[in-house]
file model15.txt (compact mmCIF, C-alpha atoms)
# COMPACT_ATOMS: atom_id res chain seq x y z
CA MET A 1 137.46 105.32 125.46
CA GLU A 2 139.30 103.34 122.81
CA THR A 3 138.54 103.88 119.13
CA HIS A 4 136.99 101.18 116.99
CA GLU A 5 140.35 100.76 115.23
CA GLU A 6 142.03 100.08 118.58
CA PHE A 7 139.26 97.64 119.49
CA TYR A 8 139.79 95.54 116.37
CA ASN A 9 143.57 95.71 116.72
CA THR A 10 143.48 94.36 120.27
CA HIS A 11 140.62 91.84 120.08
CA PRO A 12 141.10 88.89 117.70
CA PRO A 13 138.17 87.67 115.63
CA PRO A 14 136.14 84.62 116.69
CA LEU A 15 137.38 81.22 115.56
CA ASN A 16 134.76 80.76 112.83
CA TYR A 17 134.98 84.35 111.55
CA GLU A 18 136.63 83.65 108.19
CA ASN A 19 134.07 80.97 107.31
CA ASP A 20 131.18 83.23 108.30
CA ILE A 21 132.42 86.22 106.31
CA THR A 22 133.14 84.04 103.27
CA LYS A 23 129.52 82.87 103.51
CA VAL A 24 128.34 86.49 103.54
CA GLU A 25 130.68 87.43 100.68
CA ASN A 26 129.40 84.62 98.46
CA PHE A 27 125.79 85.55 99.28
CA VAL A 28 126.36 89.22 98.44
CA ARG A 29 128.08 88.30 95.18
CA CYS A 30 125.11 86.11 94.24
CA HIS A 31 122.72 89.06 94.74
CA LYS A 32 124.74 91.85 93.16
CA ASN A 33 122.48 94.73 92.05
CA GLU A 34 119.53 93.18 93.87
CA LYS A 35 118.04 94.54 97.06
CA ILE A 36 119.72 92.92 100.04
CA VAL A 37 119.31 93.58 103.76
CA LEU A 38 121.62 92.89 106.67
CA ILE A 39 119.59 92.40 109.86
CA THR A 40 121.26 92.24 113.24
CA SER A 41 119.13 90.76 116.00
CA GLY A 42 119.18 89.84 119.68
CA GLY A 43 121.42 90.91 122.55
CA THR A 44 125.13 90.48 123.19
CA THR A 45 126.86 88.77 126.09
CA VAL A 46 129.85 90.22 127.93
CA PRO A 47 131.88 87.41 129.54
CA ILE A 48 133.55 88.09 132.88
CA GLU A 49 135.92 85.08 132.69
CA GLN A 50 138.09 83.85 129.85
CA ASN A 51 136.81 80.31 130.43
CA THR A 52 133.32 81.67 130.58
CA VAL A 53 130.85 80.52 133.20
CA ARG A 54 129.28 83.88 133.98
CA PHE A 55 128.52 86.85 131.78
CA VAL A 56 126.65 90.16 131.72
CA ASP A 57 123.72 90.15 129.32
CA ASN A 58 121.41 92.76 127.92
CA PHE A 59 117.71 92.60 127.22
CA SER A 60 116.55 91.37 123.80
CA ALA A 61 114.77 88.22 122.68
CA GLY A 62 115.27 89.09 119.00
CA THR A 63 111.55 89.56 118.35
CA ARG A 64 111.85 92.59 116.08
CA GLY A 65 114.77 91.31 114.06
CA SER A 66 113.36 87.83 113.47
CA ALA A 67 109.91 89.11 112.49
CA SER A 68 111.39 91.77 110.22
CA ALA A 69 113.46 89.15 108.39
CA GLU A 70 110.28 87.36 107.30
CA TYR A 71 108.71 90.56 106.03
CA PHE A 72 111.84 91.64 104.16
CA LEU A 73 111.76 88.28 102.38
CA ASP A 74 108.11 88.92 101.50
CA ALA A 75 109.18 92.33 100.15
CA GLY A 76 111.67 90.74 97.75
CA TYR A 77 114.91 91.28 99.64
CA ALA A 78 117.73 88.80 100.02
CA VAL A 79 118.29 88.58 103.77
CA ILE A 80 121.46 88.19 105.85
CA PHE A 81 120.34 87.48 109.42
CA ILE A 82 123.05 87.90 112.05
CA TYR A 83 121.57 86.90 115.38
CA ARG A 84 122.41 86.10 118.96
CA SER A 85 122.60 82.34 119.36
CA LYS A 86 119.43 80.94 120.95
CA SER A 87 117.46 84.15 120.36
CA LEU A 88 114.38 84.10 118.13
CA GLU A 89 114.85 83.12 114.49
CA PRO A 90 112.59 83.76 111.49
CA PHE A 91 109.79 81.18 111.05
CA VAL A 92 110.85 79.22 114.14
CA ARG A 93 109.72 82.15 116.30
CA HIS A 94 106.07 81.23 115.73
CA PHE A 95 106.53 78.09 117.80
CA VAL A 96 108.69 79.39 120.62
CA ASN A 97 106.02 78.68 123.25
CA ASP A 98 104.94 75.37 121.71
CA SER A 99 106.78 72.11 122.14
CA LEU A 100 107.90 70.66 118.83
CA LEU A 101 107.24 67.14 120.10
CA ASP A 102 103.61 68.03 120.82
CA LYS A 103 103.13 68.79 117.12
CA LEU A 104 104.29 65.33 116.04
CA GLU A 105 102.81 61.88 116.24
CA ILE A 106 104.13 58.39 115.63
CA LYS A 107 102.64 56.52 112.68
CA ASN A 108 102.57 52.70 112.69
CA ASN A 109 105.35 52.72 115.25
CA LYS A 110 107.79 53.36 112.37
CA SER A 111 107.57 56.95 111.17
CA ILE A 112 106.74 60.45 112.36
CA GLN A 113 104.21 62.88 110.97
CA VAL A 114 102.82 66.29 111.88
CA LYS A 115 99.49 66.17 113.68
CA GLU A 116 96.65 67.07 111.35
CA ASP A 117 95.47 70.01 113.44
CA LYS A 118 98.97 71.54 113.35
CA VAL A 119 99.50 71.33 109.58
CA GLU A 120 97.53 74.49 108.78
CA LYS A 121 99.92 76.65 110.82
CA LEU A 122 103.16 74.82 110.11
CA LEU A 123 102.88 74.18 106.36
CA PRO A 124 102.90 77.80 105.05
CA LEU A 125 105.79 78.73 107.35
CA LEU A 126 107.81 75.70 106.32
CA LYS A 127 107.09 76.42 102.66
CA LYS A 128 108.29 80.04 102.99
CA TYR A 129 111.45 78.92 104.76
CA LYS A 130 112.19 76.19 102.21
CA ASP A 131 111.54 78.58 99.30
CA ALA A 132 113.88 81.19 100.78
CA LYS A 133 116.65 78.64 101.27
CA ALA A 134 116.13 76.97 97.87
CA SER A 135 116.36 80.33 96.09
CA ASN A 136 119.39 81.32 98.18
CA LYS A 137 117.52 84.36 99.52
CA PHE A 138 118.27 83.78 103.19
CA ILE A 139 121.34 83.03 105.28
CA SER A 140 121.71 83.18 109.05
CA ILE A 141 124.85 83.52 111.13
CA PRO A 142 124.82 83.26 114.93
CA PHE A 143 126.98 85.12 117.43
CA THR A 144 127.22 85.04 121.22
CA THR A 145 129.56 87.66 122.62
CA LEU A 146 129.94 91.37 122.01
CA ILE A 147 133.32 90.76 120.35
CA ASP A 148 131.78 88.18 117.99
CA TYR A 149 129.12 90.72 117.03
CA MET A 150 131.57 93.57 116.45
CA TRP A 151 133.66 91.51 114.05
CA LEU A 152 130.65 90.19 112.12
CA LEU A 153 129.19 93.68 111.85
CA ARG A 154 132.36 95.19 110.40
CA GLY A 155 133.04 92.32 108.02
CA SER A 156 129.47 92.22 106.72
CA CYS A 157 129.04 95.98 106.36
CA MET A 158 132.25 96.25 104.36
CA LEU A 159 130.70 93.87 101.82
CA LEU A 160 127.45 95.87 101.63
CA ASP A 161 128.46 99.20 100.17
CA SER A 162 125.94 99.96 97.44
CA LYS A 163 122.60 101.73 97.14
CA TYR A 164 120.83 98.37 96.86
CA CYS A 165 121.99 97.39 100.35
CA LEU A 166 120.00 98.09 103.49
CA ILE A 167 121.57 97.88 106.96
CA TYR A 168 118.93 97.20 109.64
CA LEU A 169 120.60 97.38 113.04
CA ALA A 170 118.00 95.81 115.33
CA ALA A 171 120.43 94.07 117.71
CA ALA A 172 120.60 95.34 121.29
CA VAL A 173 124.32 95.86 121.70
CA SER A 174 125.97 96.28 125.08
CA ASP A 175 127.46 99.70 125.83
CA PHE A 176 129.97 98.19 128.26
CA TYR A 177 132.37 95.25 128.23
CA ILE A 178 135.42 93.73 129.90
CA PRO A 179 138.52 93.31 127.72
CA PRO A 180 139.78 89.69 127.76
CA SER A 181 143.12 90.93 129.09
CA GLU A 182 141.34 92.07 132.26
CA MET A 183 139.22 88.94 132.80
CA ALA A 184 139.99 86.18 135.26
CA GLU A 185 141.23 83.11 133.42
CA HIS A 186 139.01 80.67 135.32
CA LYS A 187 135.66 80.70 137.08
CA LEU A 188 135.46 83.33 139.81
CA GLN A 189 135.16 81.71 143.22
CA SER A 190 132.55 82.91 145.71
CA LYS A 191 134.93 82.20 148.59
CA ASP A 192 137.04 85.10 147.33
CA GLY A 193 134.17 87.52 147.98
CA PRO A 194 132.25 89.79 145.60
CA PRO A 195 134.22 90.45 142.40
CA VAL A 196 135.34 93.98 141.68
CA MET A 197 135.70 94.79 137.99
CA THR A 198 135.81 97.82 135.76
CA LEU A 199 133.56 97.91 132.72
CA HIS A 200 134.93 99.67 129.65
CA LEU A 201 132.87 101.62 127.16
CA VAL A 202 132.31 99.82 123.87
CA PRO A 203 133.63 102.00 121.03
CA LYS A 204 130.92 103.59 118.93
CA VAL A 205 131.05 102.09 115.45
CA MET A 206 128.00 103.76 113.92
CA LYS A 207 130.12 106.46 112.31
CA ALA A 208 132.35 103.80 110.82
CA VAL A 209 129.26 102.06 109.39
CA THR A 210 127.94 105.25 107.78
CA HIS A 211 131.22 106.91 106.75
CA ASN A 212 133.59 104.03 106.01
CA TRP A 213 132.12 100.54 105.73
CA SER A 214 128.71 101.05 104.05
CA ARG A 215 128.78 104.63 102.79
CA GLN A 216 126.39 104.03 99.89
CA ALA A 217 123.87 101.84 101.73
CA TYR A 218 120.52 102.82 103.24
CA ILE A 219 121.07 102.57 106.98
CA VAL A 220 118.43 102.12 109.68
CA SER A 221 119.32 102.28 113.37
CA PHE A 222 117.16 101.82 116.45
CA LYS A 223 116.78 103.93 119.55
CA LEU A 224 115.15 102.42 122.64
CA GLU A 225 114.29 104.69 125.55
CA THR A 226 112.17 104.54 128.69
CA ASP A 227 111.57 108.32 128.83
CA SER A 228 109.27 109.59 126.07
CA MET A 229 110.67 113.11 126.50
CA LEU A 230 114.09 111.92 125.30
CA LEU A 231 113.14 109.71 122.37
CA GLU A 232 112.77 112.19 119.51
CA THR A 233 115.65 114.39 120.65
CA LYS A 234 118.12 111.52 120.96
CA SER A 235 116.98 110.02 117.64
CA LYS A 236 117.48 113.34 115.84
CA ASP A 237 120.85 113.75 117.51
CA ALA A 238 121.89 110.34 116.16
CA LEU A 239 120.79 111.27 112.64
CA HIS A 240 122.73 114.52 112.81
CA LYS A 241 125.84 112.86 114.23
CA TYR A 242 126.04 109.82 111.96
CA LYS A 243 124.36 111.16 108.80
CA HIS A 244 122.30 108.05 108.08
CA GLN A 245 118.80 107.77 106.70
CA LEU A 246 116.43 106.56 109.42
CA VAL A 247 116.09 105.95 113.15
CA ILE A 248 113.32 103.75 114.49
CA GLY A 249 112.48 105.18 117.89
CA ASN A 250 110.61 103.05 120.40
CA LEU A 251 109.74 103.13 124.08
CA LEU A 252 110.35 100.04 126.19
CA HIS A 253 106.75 99.44 127.23
CA SER A 254 105.02 100.31 123.93
CA ARG A 255 107.53 99.03 121.37
CA LYS A 256 105.32 96.13 120.25
CA TYR A 257 102.52 98.36 118.99
CA ASN A 258 103.96 101.87 118.54
CA VAL A 259 107.20 103.19 117.00
CA LYS A 260 108.36 106.39 115.34
CA LEU A 261 110.15 106.44 111.99
CA ILE A 262 112.44 109.43 112.33
CA SER A 263 114.26 110.74 109.28
CA PRO A 264 116.15 114.04 108.91
CA ASN A 265 113.05 115.86 107.63
CA ASP A 266 110.12 113.85 108.96
CA ILE A 267 108.66 111.92 111.89
CA GLU A 268 106.06 109.25 111.14
CA ASP A 269 104.16 107.61 113.96
CA ILE A 270 103.43 103.90 113.40
CA LEU A 271 100.65 102.39 115.49
CA VAL A 272 99.14 98.91 115.39
CA THR A 273 95.38 99.39 115.45
CA ASP A 274 92.80 97.06 116.95
CA THR A 275 91.85 96.09 113.39
CA ASN A 276 95.49 95.23 112.66
CA LYS A 277 95.61 93.05 115.75
CA LYS A 278 92.39 91.21 114.81
CA ASN A 279 93.86 90.53 111.36
CA GLY A 280 97.11 89.25 112.84
CA ILE A 281 99.19 92.13 111.42
CA GLU A 282 102.41 92.67 113.35
CA ILE A 283 104.04 96.06 113.66
CA GLU A 284 107.15 94.74 111.88
CA LYS A 285 105.11 94.19 108.72
CA ILE A 286 104.12 97.87 108.72
CA ILE A 287 107.68 98.98 109.51
CA VAL A 288 109.21 96.91 106.71
CA ASN A 289 106.65 98.08 104.14
CA LYS A 290 107.40 101.71 105.04
CA ILE A 291 111.15 101.13 104.85
CA LYS A 292 110.85 99.36 101.49
CA THR A 293 109.14 102.44 100.06
CA LYS A 294 111.81 104.73 101.48
CA HIS A 295 114.62 102.49 100.22
CA ASP A 296 113.07 102.37 96.71
CA GLU A 297 112.99 106.19 96.67
CA PHE A 298 116.61 106.24 97.87
CA ILE A 299 117.69 103.92 95.05
CA ASN A 300 115.81 105.88 92.39
CA ASN A 301 117.19 109.22 93.54
CA ILE A 302 120.84 108.18 93.29
call {"tool": "encode", "arguments": {"input": "model15.txt", "output": "structure tokens"}}
result
Amino acid sequence: METHEEFYNTHPPPLNYENDITKVENFVRCHKNEKIVLITSGGTTVPIEQNTVRFVDNFSAGTRGSASAEYFLDAGYAVIFIYRSKSLEPFVRHFVNDSLLDKLEIKNNKSIQVKEDKVEKLLPLLKKYKDAKASNKFISIPFTTLIDYMWLLRGSCMLLDSKYCLIYLAAAVSDFYIPPSEMAEHKLQSKDGPPVMTLHLVPKVMKAVTHNWSRQAYIVSFKLETDSMLLETKSKDALHKYKHQLVIGNLLHSRKYNVKLISPNDIEDILVTDTNKKNGIEIEKIIVNKIKTKHDEFINNI
């Protein structure tokens, strides 16, 4: 398997990379010595053609990352949200199953307004979004492919190397990919029969995040499993291997109401109760509040 250095040496950055990283750099400079969080969210695509028609995808709608971004803003953080294009975004996520046009009505055949019965839900969300943007507390940067993500992750983490920075790696990143040099140039034709291709392992960059790019930051990774017998062991193995502060362990079928916060010396079970559900409290709110407390302790102890 190639190293992360080899990966970056052989895969050029996306076309808009310099603009995106300049945007992050200016944002970080604006919030120097303030608490700032980098959230990665959504899945990554792996194209199988250079002129991409088809690609391999991995499961993630961006629910956890987009919800967490809202709660980190509530907790006083400046938020950098790096997300898979067309996955869920903060604030907008509340309307993903509702048509925007159904919330609007035409007034006097000249203007548009929000329907009265929709204002109660839309207004506070719009206000929070506008406040975050007006105070320069929130920026979002989309990506599509695995290579896009890898470049944005490295560039952003290298700018976030202080105890006030929190790295929250919620994106579901592919473990396999096809190097562009091995892709077909044009759309694969079905008349040629089933394609045969070799998937390469994506280099592990977590050690680079913790040991090189963001050594002083508070780093949170995620571990998703389908076998409950493996979850704690693999999470602890990750902590031991990469020397970061926290793993959020979750099982595929219970991740929306139960997670484990696994640190080197502690395991805390987080469960959304029936009372929480009745009060509209999402598990991400509980997760973020717990992490804020841990990050504050981390800052104060350094």
call {"tool": "closest_residue", "arguments": {"input": "model15.txt", "among": "A:Arg64, A:Val92, A:Gly155, A:Ser87", "to": "Tyr129 (chain A)", "atoms": "all atoms listed in the file"}}
result
A:Val92
call {"tool": "residues_around", "arguments": {"input": "model15.txt", "residues": "region 248-255 of chain A", "least_positions_apart": "6", "cutoff": "7 Å", "atoms": "only C-alpha atoms", "output": "list in words"}}
result
Ser221, Phe222, Lys223, Leu224, Glu225, Thr226, Ser228, Leu231, Ser235, Leu261 and Ile262 of chain A
call {"tool": "atom_distance", "arguments": {"input": "model15.txt", "atom1": "CA of Leu201 (chain A)", "atom2": "CA of Gln216 (chain A)"}}
result
28.1 Å
call {"tool": "closest_atom_pairs", "arguments": {"input": "model15.txt", "of": "region 164-272 of chain A", "to": "region 146-154 of chain A", "cutoff": "9 Å", "atoms": "only C-alpha atoms", "output": "Markdown table"}}
result
| residue | atom | partner | partner_atom | distance |
| --- | --- | --- | --- | --- |
| A:Val173 | CA | A:Leu146 | CA | 7.2 |
| A:Ser174 | CA | A:Leu146 | CA | 7.0 |
| A:Tyr177 | CA | A:Leu146 | CA | 7.7 |
| A:Val202 | CA | A:Leu146 | CA | 9.0 |
| A:Val205 | CA | A:Met150 | CA | 8.6 |
| A:Ala208 | CA | A:Arg154 | CA | 8.6 |
| A:Val209 | CA | A:Arg154 | CA | 7.6 |
| A:Trp213 | CA | A:Arg154 | CA | 7.1 |
call {"tool": "residues_around", "arguments": {"input": "model15.txt", "residues": "Pro203 (chain A)", "least_positions_apart": "2", "cutoff": "8 Å", "atoms": "all atoms listed in the file", "output": "ChimeraX atom specification"}}
result
/A:1-4,7,201,205
call {"tool": "atom_distance", "arguments": {"input": "model15.txt", "atom1": "CA of Ile219 (chain A)", "atom2": "CA of Ile167 (chain A)"}}
result
4.7 Å
call {"tool": "closest_residue", "arguments": {"input": "model15.txt", "among": "A:Asp117, A:Glu89, A:Asp161, A:Glu70", "to": "Lys32 (chain A)", "atoms": "all atoms listed in the file"}}
result
A:Asp161
call {"tool": "residues_near_point", "arguments": {"input": "model15.txt", "point": "(123.5, 97.0, 102.1)", "cutoff": "7 Å", "atoms": "only C-alpha atoms", "output": "ChimeraX atom specification"}}
result
/A:36-38,160-167,214,217-218
call {"tool": "axis_aligned_box", "arguments": {"input": "model15.txt", "around": "region 6-9 of chain A", "padding_each_side": "3 Å", "output": "lines of an AutoDock Vina configuration file"}}
result
center_x = 141.4
center_y = 97.8
center_z = 117.9
size_x = 10.3
size_y = 10.5
size_z = 9.1
call {"tool": "atom_distance", "arguments": {"input": "model15.txt", "atom1": "CA of Lys260 (chain A)", "atom2": "CA of Tyr71 (chain A)"}}
result
18.4 Å
call {"tool": "residues_around", "arguments": {"input": "model15.txt", "residues": "Lys207 (chain A)", "least_positions_apart": "6", "cutoff": "9 Å", "atoms": "only C-alpha atoms", "output": "PyMOL selection string"}}
result
chain A and resi 241-243
call {"tool": "closest_residue", "arguments": {"input": "model15.txt", "among": "A:Leu15, A:Ile39, A:Leu88, A:Ala172", "to": "Thr63 (chain A)", "atoms": "all atoms listed in the file"}}
result
A:Leu88
call {"tool": "residues_around", "arguments": {"input": "model15.txt", "residues": "Arg84 (chain A)", "least_positions_apart": "6", "cutoff": "6 Å", "atoms": "all atoms listed in the file", "output": "PyMOL selection string"}}
result
chain A and resi 42+142-144
call {"tool": "residues_around", "arguments": {"input": "model15.txt", "residues": "Lys121 (chain A)", "least_positions_apart": "6", "cutoff": "12 Å", "atoms": "only C-alpha atoms", "output": "compact mmCIF listing (two decimals) with C-alpha atoms, in the frame of the given file"}}
result
# COMPACT_ATOMS: atom_id res chain seq x y z
CA PHE A 91 109.79 81.18 111.05
CA VAL A 92 110.85 79.22 114.14
CA HIS A 94 106.07 81.23 115.73
CA PHE A 95 106.53 78.09 117.80
CA LYS A 103 103.13 68.79 117.12
CA VAL A 114 102.82 66.29 111.88
CA LYS A 115 99.49 66.17 113.68
CA LYS A 127 107.09 76.42 102.66
CA LYS A 128 108.29 80.04 102.99
call {"tool": "closest_residue", "arguments": {"input": "model15.txt", "among": "A:Val24, A:Ile286, A:Leu246, A:Cys30", "to": "Tyr168 (chain A)", "atoms": "all atoms listed in the file"}}
result
A:Leu246
call {"tool": "closest_residue", "arguments": {"input": "model15.txt", "among": "A:Met206, A:Ile112, A:Ala75, A:Leu122", "to": "Ile291 (chain A)", "atoms": "all atoms listed in the file"}}
result
A:Ala75
call {"tool": "closest_residue", "arguments": {"input": "model15.txt", "among": "A:Ala67, A:Ile21, A:Leu169, A:Val96", "to": "Ile139 (chain A)", "atoms": "all atoms listed in the file"}}
result
A:Ile21
call {"tool": "residues_near_point", "arguments": {"input": "model15.txt", "point": "(122.4, 85.0, 111.8)", "cutoff": "6 Å", "atoms": "all atoms listed in the file", "output": "PyMOL selection string"}}
result
chain A and resi 81-83+140-142
